[in-house]
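Source file: target_7.cif (mmCIF, C-alpha atoms)
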data_structure
loop_
_atom_site.label_atom_id
_atom_site.label_comp_id
_atom_site.auth_asym_id
_atom_site.auth_seq_id
_atom_site.Cartn_x
_atom_site.Cartn_y
_atom_site.Cartn_z
CA MET A 1 133.03 -95.74 191.46
CA ILE A 2 133.61 -93.37 188.61
CA GLY A 3 134.36 -94.43 185.04
CA ASP A 4 132.89 -95.03 181.60
CA SER A 5 131.21 -98.44 181.56
CA GLU A 6 129.41 -97.83 178.24
CA GLY A 7 129.61 -100.95 176.09
CA ILE A 8 131.22 -103.26 178.65
CA SER A 9 129.82 -105.55 181.30
CA ILE A 10 131.68 -105.09 184.56
CA SER A 11 129.81 -108.05 186.04
CA GLY A 12 130.80 -110.10 182.97
CA LEU A 13 134.46 -109.17 183.41
CA ILE A 14 134.27 -110.19 187.06
CA GLN A 15 132.62 -113.50 186.16
CA GLU A 16 135.23 -114.20 183.49
CA HIS A 17 138.38 -113.11 185.35
CA GLY A 18 137.42 -113.03 189.03
CA ALA A 19 139.17 -116.29 189.97
CA GLU A 20 142.49 -114.80 188.84
CA PHE A 21 142.03 -112.15 191.55
CA GLY A 22 140.76 -114.48 194.27
CA LEU A 23 137.09 -113.60 193.79
CA LYS A 24 134.52 -116.35 194.23
CA ASP A 25 131.86 -117.06 191.60
CA ASP A 26 129.27 -114.58 192.77
CA TRP A 27 126.85 -111.95 191.51
CA GLY A 28 126.95 -108.18 191.54
CA TRP A 29 124.87 -105.25 190.42
CA ASP A 30 125.14 -101.53 189.83
CA CYS A 31 123.12 -98.40 189.35
CA GLY A 32 123.81 -94.80 188.53
CA VAL A 33 124.03 -92.19 191.27
CA PRO A 34 121.35 -89.52 190.74
CA GLY A 35 122.80 -86.11 190.00
CA LEU A 36 126.32 -87.44 189.41
CA PRO A 37 126.79 -88.37 185.74
CA GLY A 38 129.48 -91.00 185.23
CA VAL A 39 129.33 -92.15 188.86
CA MET A 40 127.93 -95.57 189.66
CA PHE A 41 127.17 -97.54 192.78
CA ARG A 42 128.49 -101.11 192.52
CA ALA A 43 127.74 -104.04 194.80
CA ASP A 44 130.20 -106.76 193.78
CA THR A 45 131.62 -108.12 197.01
CA HIS A 46 130.21 -110.62 199.48
CA VAL A 47 131.87 -112.07 202.55
CA PHE A 48 130.51 -115.51 203.37
CA GLY A 49 131.05 -117.71 206.42
CA CYS A 50 131.51 -114.78 208.76
CA ALA A 51 129.82 -115.02 212.18
CA CYS A 52 129.39 -111.27 212.54
CA GLN A 53 128.26 -111.49 216.16
CA ARG A 54 131.88 -112.42 217.00
CA ALA A 55 134.37 -109.54 217.03
CA ARG A 56 137.23 -111.56 215.50
CA ASP A 57 135.07 -112.85 212.61
CA LEU A 58 133.71 -109.36 212.02
CA SER A 59 137.26 -107.93 211.84
CA LEU A 60 138.36 -110.69 209.44
CA GLY A 61 135.24 -110.04 207.35
CA GLU A 62 136.10 -106.33 207.13
CA VAL A 63 139.60 -107.21 205.90
CA GLU A 64 138.23 -109.69 203.34
CA GLY A 65 135.67 -107.18 202.06
CA ARG A 66 138.35 -104.58 201.44
CA ARG A 67 140.57 -107.19 199.77
CA GLN A 68 137.69 -107.98 197.39
CA VAL A 69 137.19 -104.30 196.54
CA ARG A 70 140.91 -104.00 195.73
CA ALA A 71 140.67 -107.17 193.61
CA VAL A 72 137.73 -105.75 191.60
CA MET A 73 139.62 -102.51 190.98
CA ASP A 74 142.78 -104.43 189.92
CA LEU A 75 140.67 -106.60 187.60
CA LEU A 76 139.11 -103.54 185.96
CA ARG A 77 142.50 -101.90 185.48
CA LYS A 78 143.74 -105.05 183.73
CA TYR A 79 140.71 -106.04 181.64
CA ALA A 80 138.57 -102.93 181.02
CA GLY A 81 140.81 -101.66 178.24
CA ASP A 82 141.80 -98.02 178.38
CA ARG A 83 138.89 -97.07 180.63
CA ASP A 84 139.80 -95.18 183.76
CA PHE A 85 137.80 -96.56 186.69
CA ARG A 86 138.34 -95.01 190.11
CA LEU A 87 136.99 -95.78 193.54
CA ILE A 88 135.58 -92.59 195.03
CA SER A 89 133.88 -93.91 198.15
CA LEU A 90 133.77 -97.09 200.20
CA PHE A 91 131.39 -98.16 202.94
CA SER A 92 133.03 -97.93 206.34
CA HIS A 93 131.79 -101.34 207.49
CA LEU A 94 130.23 -104.59 206.31
CA GLY A 95 126.56 -104.56 205.45
CA ILE A 96 125.45 -107.47 207.59
CA ARG A 97 122.31 -109.19 206.32
CA ASP A 98 122.20 -112.39 208.28
CA SER A 99 123.84 -113.44 211.52
CA VAL A 100 121.89 -114.76 214.49
CA HIS A 101 118.62 -116.64 214.07
CA TYR A 102 116.11 -116.77 216.92
CA GLU A 103 113.46 -119.36 217.56
CA SER A 104 109.98 -117.86 217.58
CA LEU A 105 106.45 -119.04 218.11
CA TYR A 106 105.58 -118.27 214.50
CA ARG A 107 107.61 -117.87 211.31
CA ILE A 108 106.03 -115.83 208.52
CA THR A 109 105.83 -117.52 205.13
CA GLY A 110 107.04 -116.02 201.87
CA GLU A 111 103.45 -115.71 200.66
CA GLU A 112 102.42 -113.80 203.81
CA LEU A 113 105.37 -111.50 203.28
CA MET A 114 104.42 -110.89 199.64
CA VAL A 115 100.84 -109.87 200.48
CA GLY A 116 101.88 -107.66 203.43
CA ALA A 117 100.15 -109.74 206.09
CA ALA A 118 99.92 -107.97 209.46
CA TYR A 119 99.13 -109.37 212.89
CA PRO A 120 98.29 -107.77 216.26
CA ASP A 121 101.88 -108.34 217.43
CA THR A 122 103.61 -107.25 214.18
CA VAL A 123 106.94 -105.61 214.98
CA ALA A 124 108.05 -104.50 211.50
CA GLN A 125 107.09 -104.36 207.84
CA GLY A 126 109.35 -103.70 204.88
CA THR A 127 109.17 -102.67 201.25
CA TYR A 128 112.29 -104.32 199.86
CA PRO A 129 111.56 -107.25 197.52
CA ILE A 130 112.42 -110.79 198.54
CA ASP A 131 115.84 -111.56 197.09
CA VAL A 132 116.53 -115.23 196.48
CA HIS A 133 120.23 -116.01 196.02
CA HIS A 134 120.68 -118.90 193.61
CA SER A 135 122.59 -121.91 194.89
CA ASP A 136 123.31 -123.27 191.38
CA ASN A 137 124.70 -120.12 189.70
CA ALA A 138 125.85 -116.60 190.42
CA GLY A 139 122.40 -115.06 190.07
CA ILE A 140 119.69 -113.60 192.22
CA THR A 141 115.94 -113.39 191.74
CA TYR A 142 113.96 -110.47 193.15
CA ARG A 143 110.31 -111.18 193.96
CA TYR A 144 108.06 -108.14 194.14
CA LEU A 145 104.59 -107.53 195.54
CA GLY A 146 102.06 -108.22 192.82
CA GLY A 147 103.76 -111.38 191.60
CA MET A 148 106.55 -110.05 189.36
CA SER A 149 110.04 -111.56 189.55
CA MET A 150 113.32 -110.28 188.11
CA CYS A 151 116.27 -112.64 187.62
CA THR A 152 119.72 -111.05 187.40
CA THR A 153 121.26 -113.92 185.45
CA THR A 154 118.86 -113.33 182.56
CA GLY A 155 117.60 -109.82 183.28
CA ALA A 156 114.15 -110.99 182.22
CA ALA A 157 111.07 -109.97 184.15
CA ARG A 158 108.48 -112.68 184.42
CA PRO A 159 105.38 -113.42 186.49
CA ARG A 160 105.79 -115.87 189.34
#
Could you spell out this file's structure in structure tokens?
Amino acid sequence: MIGDSEGISISGLIQEHGAEFGLKDDWGWDCGVPGLPGVMFRADTHVFGCACQRARDLSLGEVEGRRQVRAVMDLLRKYAGDRDFRLISLFSHLGIRDSVHYESLYRITGEELMVGAAYPDTVAQGTYPIDVHHSDNAGITYRYLGGMSMCTTTGAARPR
């Protein structure tokens, strides 16, 4: 997305006016794109209740995701004043984070994940923080190695 967001909260506008555009109470985030002043990456849409291992659900999820992007752009055009926001790129497919769950002999705990525990049969390790989606509000808490947490509803860093 390109546009001047100085002095406004896009996430705040979405929280305040999202229902008018058929957006659920949810959270979003953004960051600048290195080397492209005035261009930002936004993650404001989420498609829930989609069984992405099924072709029909995946297709319906794609349609819903694009509808949400259009809704965010329409919301910004209506409520962001005279700012000119434009969509310059869109992912070509859903970013699926969770679909099928498999039973296993062992399930790693959050603590083991945070300390980077490894076992003889380890198949993967990651560096992304644990992101806990709040069930009581539209926030998310990131938990990092070393015990630090960051909550998006308050923006405050605090030790676990």
Box for range 12-30 of chain A: with edges along x, y and z, all listed atoms inside and 4 Å added on each side, what are the centre and edge lengths in Å to one decimal, as AutoDock Vina command-line options?
--center_x 133.7 --center_y -109.3 --center_z 188.6 --size_x 25.6 --size_y 23.5 --size_z 19.3
Original post:
If you measure from CA of Cys50 in chain A to CA of Met114 in chain A, what distance in Å do you get, rounded to one decimal?
Top reply: 28.8 Å
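Proximity ranking of A:Ile10, A:Leu145, A:His17, A:Leu76 relative to Asp30 in chain A places A:Ile10 first, based on only C-alpha atoms.
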**OP:** Can you pull out every residue within 9 Å of Ile14 in chain A, counting only C-alpha atoms, but drop anything in the same chain fewer than 3 positions away, and send it as a VMD selection string?
**Re:** chain A and resid 9 to 11 17 to 19 23 25 to 28 44 72 75 to 76
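Candidate residues A:Ala118, A:Leu90, A:Gly95, A:Ser149 were compared for distance to Arg66 in chain A, and the nearest is A:Leu90, using all atoms listed in the file.
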**OP:** Find, counting all atoms listed in the file, the residue in A:Val132, A:Ala51, A:Leu113, A:Val69 that gets nearest to Met150 in chain A.
**Re:** A:Val132
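Proximity of A:Ala117, A:Cys151, A:Gly22, A:Arg56 to His133 in chain A, computed with all atoms listed in the file, is greatest for A:Cys151.
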**OP:** Could you pull out every residue with an atom within 12 Å of (110.1, -101.7, 197.8), file coordinates, counting all atoms listed in the file, and send them as an MDAnalysis selection string?
**Re:** chainID A and resid 114 116 125:131 142:146
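Nearest-residue note for Phe91 in chain A: choosing from A:Arg77, A:Arg42, A:His134, A:Arg54, the minimum distance belongs to A:Arg42, counting all atoms listed in the file.
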Original post:
Looking at A:Gly139, A:Ala43, A:Cys52, A:Gly61, which one is nearest to Val100 in chain A, with distances taken over all atoms listed in the file?
Top reply: A:Cys52
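Taking CA of Glu62 in chain A and CA of Val33 in chain A as the two end points, the separation is 24.4 Å.
In this structure, CA of Glu112 in chain A sits 28.3 Å away from CA of His46 in chain A.
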